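Colleague: Shown below is the structure under consideration.
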Amino acid sequence: MFTRALARKPGPDFAQGLTTSELGRPDLTRMLAQHAAYVAALRELGLEVEVLDALEGHPDAYFVEDVAVVTPSVAVITRPGAPARRGEEESMVPVLARHRPVVRIQAPGTVDGGDVLMVGTHFFVGISQRTNLEGARALGAELERRGCTWAPVEVAAGLHLKSSVNWAGGDTLLLSEAFRDRPEFAAYRRLVVDPEEEYAGNTLWVNGTLLVPEGFPRTVAQLEGLGLPIRLLDTSEARKMDGGLTCMSLRF
Ligand code: CIR
């Protein structure tokens, strides 16, 4: 169970962040409303949420998940894989130092937290455009030092591992077709996201409730079978910036 979360308000320049989506220009007013609803949902699920101010000059900084990996015993500050996002991590050091001992990923390693999927004490680390093997190994060493295990997973498509694979409670993973038969996930019950609804793979488990992006009825029908409460959240504007539910907070 999580007790806290960190988030950051999207700034007025958020539309200048990195994106590959072709869904049009995002709207600040809608983004702020959707972000506020997201924070409210986390609070309703019992988390104490600290919302940091927007970080000037860093339009993607509200995707706080990418700049740290927080476990019960350590906060690993990452070194983001996109040069445009470097520097966001610095602002997180004093904030996380209030909650955990802090260690850092050093060059030439790169890690984006969006590539790190925690399932209990096991961590899957995506090797992607953003996370390299050096970074994954450095993170893995910190995790092993604290009694956790980890495994690298090749991410051939999509931005991050968690764009396609997420934990849905118990021994269940929600994942896209491309990851269904990967040996790394063989020990888990796998729910495969309908190819028309791939974005909904970015579903977030929070204290026994599944936060699911709005607009993906087939995925909701599949998830209903798990018997967990489901809460839908509109993420249309973050999606235009290649982001979603997991990216906008750090839970710990
Ligand atoms: C980026 O390209 O870095 C941001 N526009 C989106 C990051 C999304 N983060 C995530 O999936 N953890």
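By convention here, the chains of the structure tokens are called A, B, ... in the order presented, each chain's residues are numbered starting at 1, and ligands are numbered starting at 1 in the order presented.
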Which residues are near ligand 1 in this structure, taking near to mean any atom at most 10 Å from a ligand atom and counting only C-alpha atoms and all ligand atoms? Format them as a ChimeraX atom specification.
Modeller: /A:14-21,59-67,80-85,112-116,130,158-164,202,238-250
Colleague: Going by DSSP on the backbone, which residues of range 25-224 of chain A come out as strand (DSSP E)? List them as a ChimeraX atom specification.
Modeller: /A:48-52,68-70,75-77,102-104,116-119,122-127,149-154,165-167,172-176,189-193,204-206,209-213
Colleague: Need the shell around Val69 in chain A: protein/DNA/RNA residues with any atom at most 12 Å away, counting only C-alpha atoms. Skip same-chain ones fewer than 6 positions apart. Format as a PyMOL selection string?
Modeller: chain A and resi 6+75-80+89+92-93+96+100-105+111-118+123-125+136+139-140+142-143+247+249-252
Colleague: Please compute the CA of Asp13 in chain A-CA of Leu55 in chain A distance, one decimal, in Å.
Modeller: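 Going from CA of Asp13 in chain A over to CA of Leu55 in chain A, I get 9.7 Å.
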Colleague: If DSSP is run on the backbone, what residues of range 43-237 of chain A are alpha helix (DSSP H)? A reply as an mmCIF file with C-alpha atoms, in the first residue's frame would be ideal.
Modeller:
data_model
loop_
_atom_site.group_PDB
_atom_site.id
_atom_site.type_symbol
_atom_site.label_atom_id
_atom_site.label_comp_id
_atom_site.auth_asym_id
_atom_site.auth_seq_id
_atom_site.Cartn_x
_atom_site.Cartn_y
_atom_site.Cartn_z
ATOM 1 C CA ARG A 43 -6.092 11.755 -2.337
ATOM 2 C CA GLU A 44 -9.414 9.943 -2.252
ATOM 3 C CA MET A 92 13.551 16.199 -7.003
ATOM 4 C CA VAL A 93 16.650 15.546 -4.877
ATOM 5 C CA PRO A 94 15.733 17.770 -1.879
ATOM 6 C CA VAL A 95 12.083 16.733 -2.076
ATOM 7 C CA LEU A 96 12.780 12.999 -1.950
ATOM 8 C CA ALA A 97 15.603 13.409 0.581
ATOM 9 C CA LEU A 133 21.799 -1.056 -20.110
ATOM 10 C CA GLU A 134 24.330 0.873 -18.008
ATOM 11 C CA GLY A 135 21.522 2.788 -16.334
ATOM 12 C CA ALA A 136 19.444 -0.340 -15.811
ATOM 13 C CA ARG A 137 22.399 -2.167 -14.257
ATOM 14 C CA ALA A 138 23.189 0.725 -11.931
ATOM 15 C CA LEU A 139 19.555 0.857 -10.841
ATOM 16 C CA GLY A 140 19.450 -2.924 -10.509
ATOM 17 C CA ALA A 141 22.531 -2.881 -8.267
ATOM 18 C CA GLU A 142 20.869 -0.362 -5.933
ATOM 19 C CA LEU A 143 17.738 -2.497 -5.832
ATOM 20 C CA GLU A 144 19.650 -5.711 -5.148
ATOM 21 C CA ARG A 145 21.554 -3.993 -2.353
ATOM 22 C CA PRO A 217 -14.548 0.238 -22.790
ATOM 23 C CA ARG A 218 -13.085 -3.118 -23.836
ATOM 24 C CA THR A 219 -10.207 -2.759 -21.423
ATOM 25 C CA VAL A 220 -12.587 -1.755 -18.645
ATOM 26 C CA ALA A 221 -14.695 -4.866 -19.358
ATOM 27 C CA GLN A 222 -11.557 -7.025 -19.108
ATOM 28 C CA LEU A 223 -10.402 -5.377 -15.908
ATOM 29 C CA GLU A 224 -13.827 -5.745 -14.302
ATOM 30 C CA SER A 236 -6.719 13.426 -23.241
ATOM 31 C CA GLU A 237 -4.225 16.289 -22.843
#
Colleague: Just the residues within 10 Å of range 177-191 of chain A, please, counting only C-alpha atoms, with nothing from its chain fewer than 3 positions along; format it as a list in words.
Modeller: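 Using only C-alpha atoms, the neighbours found are Phe124, Ala151, Pro152, Val153, Glu154, Val155, Ala156, Ala157, Leu161, Ser164, Val165, Trp167, Ala168, Gly170, Asp171, Thr172, Leu173, Leu174, Asp194, Pro195, Glu198, Gly201, Thr219, Gln222 and Leu223 of chain A.
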Colleague: Applying 12 Å and only C-alpha atoms, which residues near Ala33 in chain A remain after dropping the ones on its own chain fewer than 6 positions away? List them as a CSV table (one decimal) with N, CA, C and O atoms, in the first residue's frame.
Modeller:
chain,number,residue,atom,x,y,z
A,9,LYS,N,2.6,20.4,-10.9
A,9,LYS,CA,1.6,21.1,-11.7
A,9,LYS,C,2.2,21.3,-13.2
A,9,LYS,O,3.3,21.7,-13.3
A,10,PRO,N,1.4,21.0,-14.2
A,10,PRO,CA,1.9,21.3,-15.5
A,10,PRO,C,2.1,22.8,-15.7
A,10,PRO,O,1.3,23.6,-15.1
A,27,ASP,N,-4.5,21.6,-24.6
A,27,ASP,CA,-5.0,22.8,-24.1
A,27,ASP,C,-4.7,22.9,-22.6
A,27,ASP,O,-4.9,22.0,-21.8
A,39,VAL,N,-5.0,14.3,-9.2
A,39,VAL,CA,-4.5,14.5,-7.8
A,39,VAL,C,-5.6,14.2,-6.8
A,39,VAL,O,-5.4,13.5,-5.8
A,40,ALA,N,-6.8,14.7,-7.1
A,40,ALA,CA,-8.0,14.4,-6.2
A,40,ALA,C,-8.2,12.9,-6.1
A,40,ALA,O,-8.5,12.4,-5.0
A,233,LEU,N,-10.3,8.2,-15.5
A,233,LEU,CA,-9.9,9.5,-15.5
A,233,LEU,C,-9.6,10.0,-16.9
A,233,LEU,O,-9.0,9.2,-17.7
A,234,ASP,N,-10.0,11.2,-17.2
A,234,ASP,CA,-9.7,11.8,-18.6
A,234,ASP,C,-8.2,12.2,-18.7
A,234,ASP,O,-7.8,13.1,-17.9
A,235,THR,N,-7.5,11.6,-19.6
A,235,THR,CA,-6.1,12.0,-19.8
A,235,THR,C,-5.8,12.5,-21.2
A,235,THR,O,-4.7,12.4,-21.7
A,236,SER,N,-6.9,13.1,-21.8
A,236,SER,CA,-6.7,13.4,-23.2
A,236,SER,C,-5.5,14.4,-23.5
A,236,SER,O,-4.8,14.2,-24.5
A,237,GLU,N,-5.3,15.3,-22.6
A,237,GLU,CA,-4.2,16.3,-22.8
A,237,GLU,C,-2.8,15.7,-22.6
A,237,GLU,O,-1.9,16.0,-23.4
A,238,ALA,N,-2.7,15.0,-21.5
A,238,ALA,CA,-1.4,14.3,-21.3
A,238,ALA,C,-1.1,13.3,-22.4
A,238,ALA,O,0.1,13.2,-22.8
Colleague: I'd like the interatomic distance between CA of Thr121 in chain A and CA of Gly208 in chain A, to a tenth of an Å.
Modeller: 17.0 Å
Colleague: May I ask which of the residues A:Gly24, A:Gly120, A:Pro213, A:Gly225 is the closest one to Gly147 in chain A, counting only C-alpha atoms?
Modeller: A:Gly120
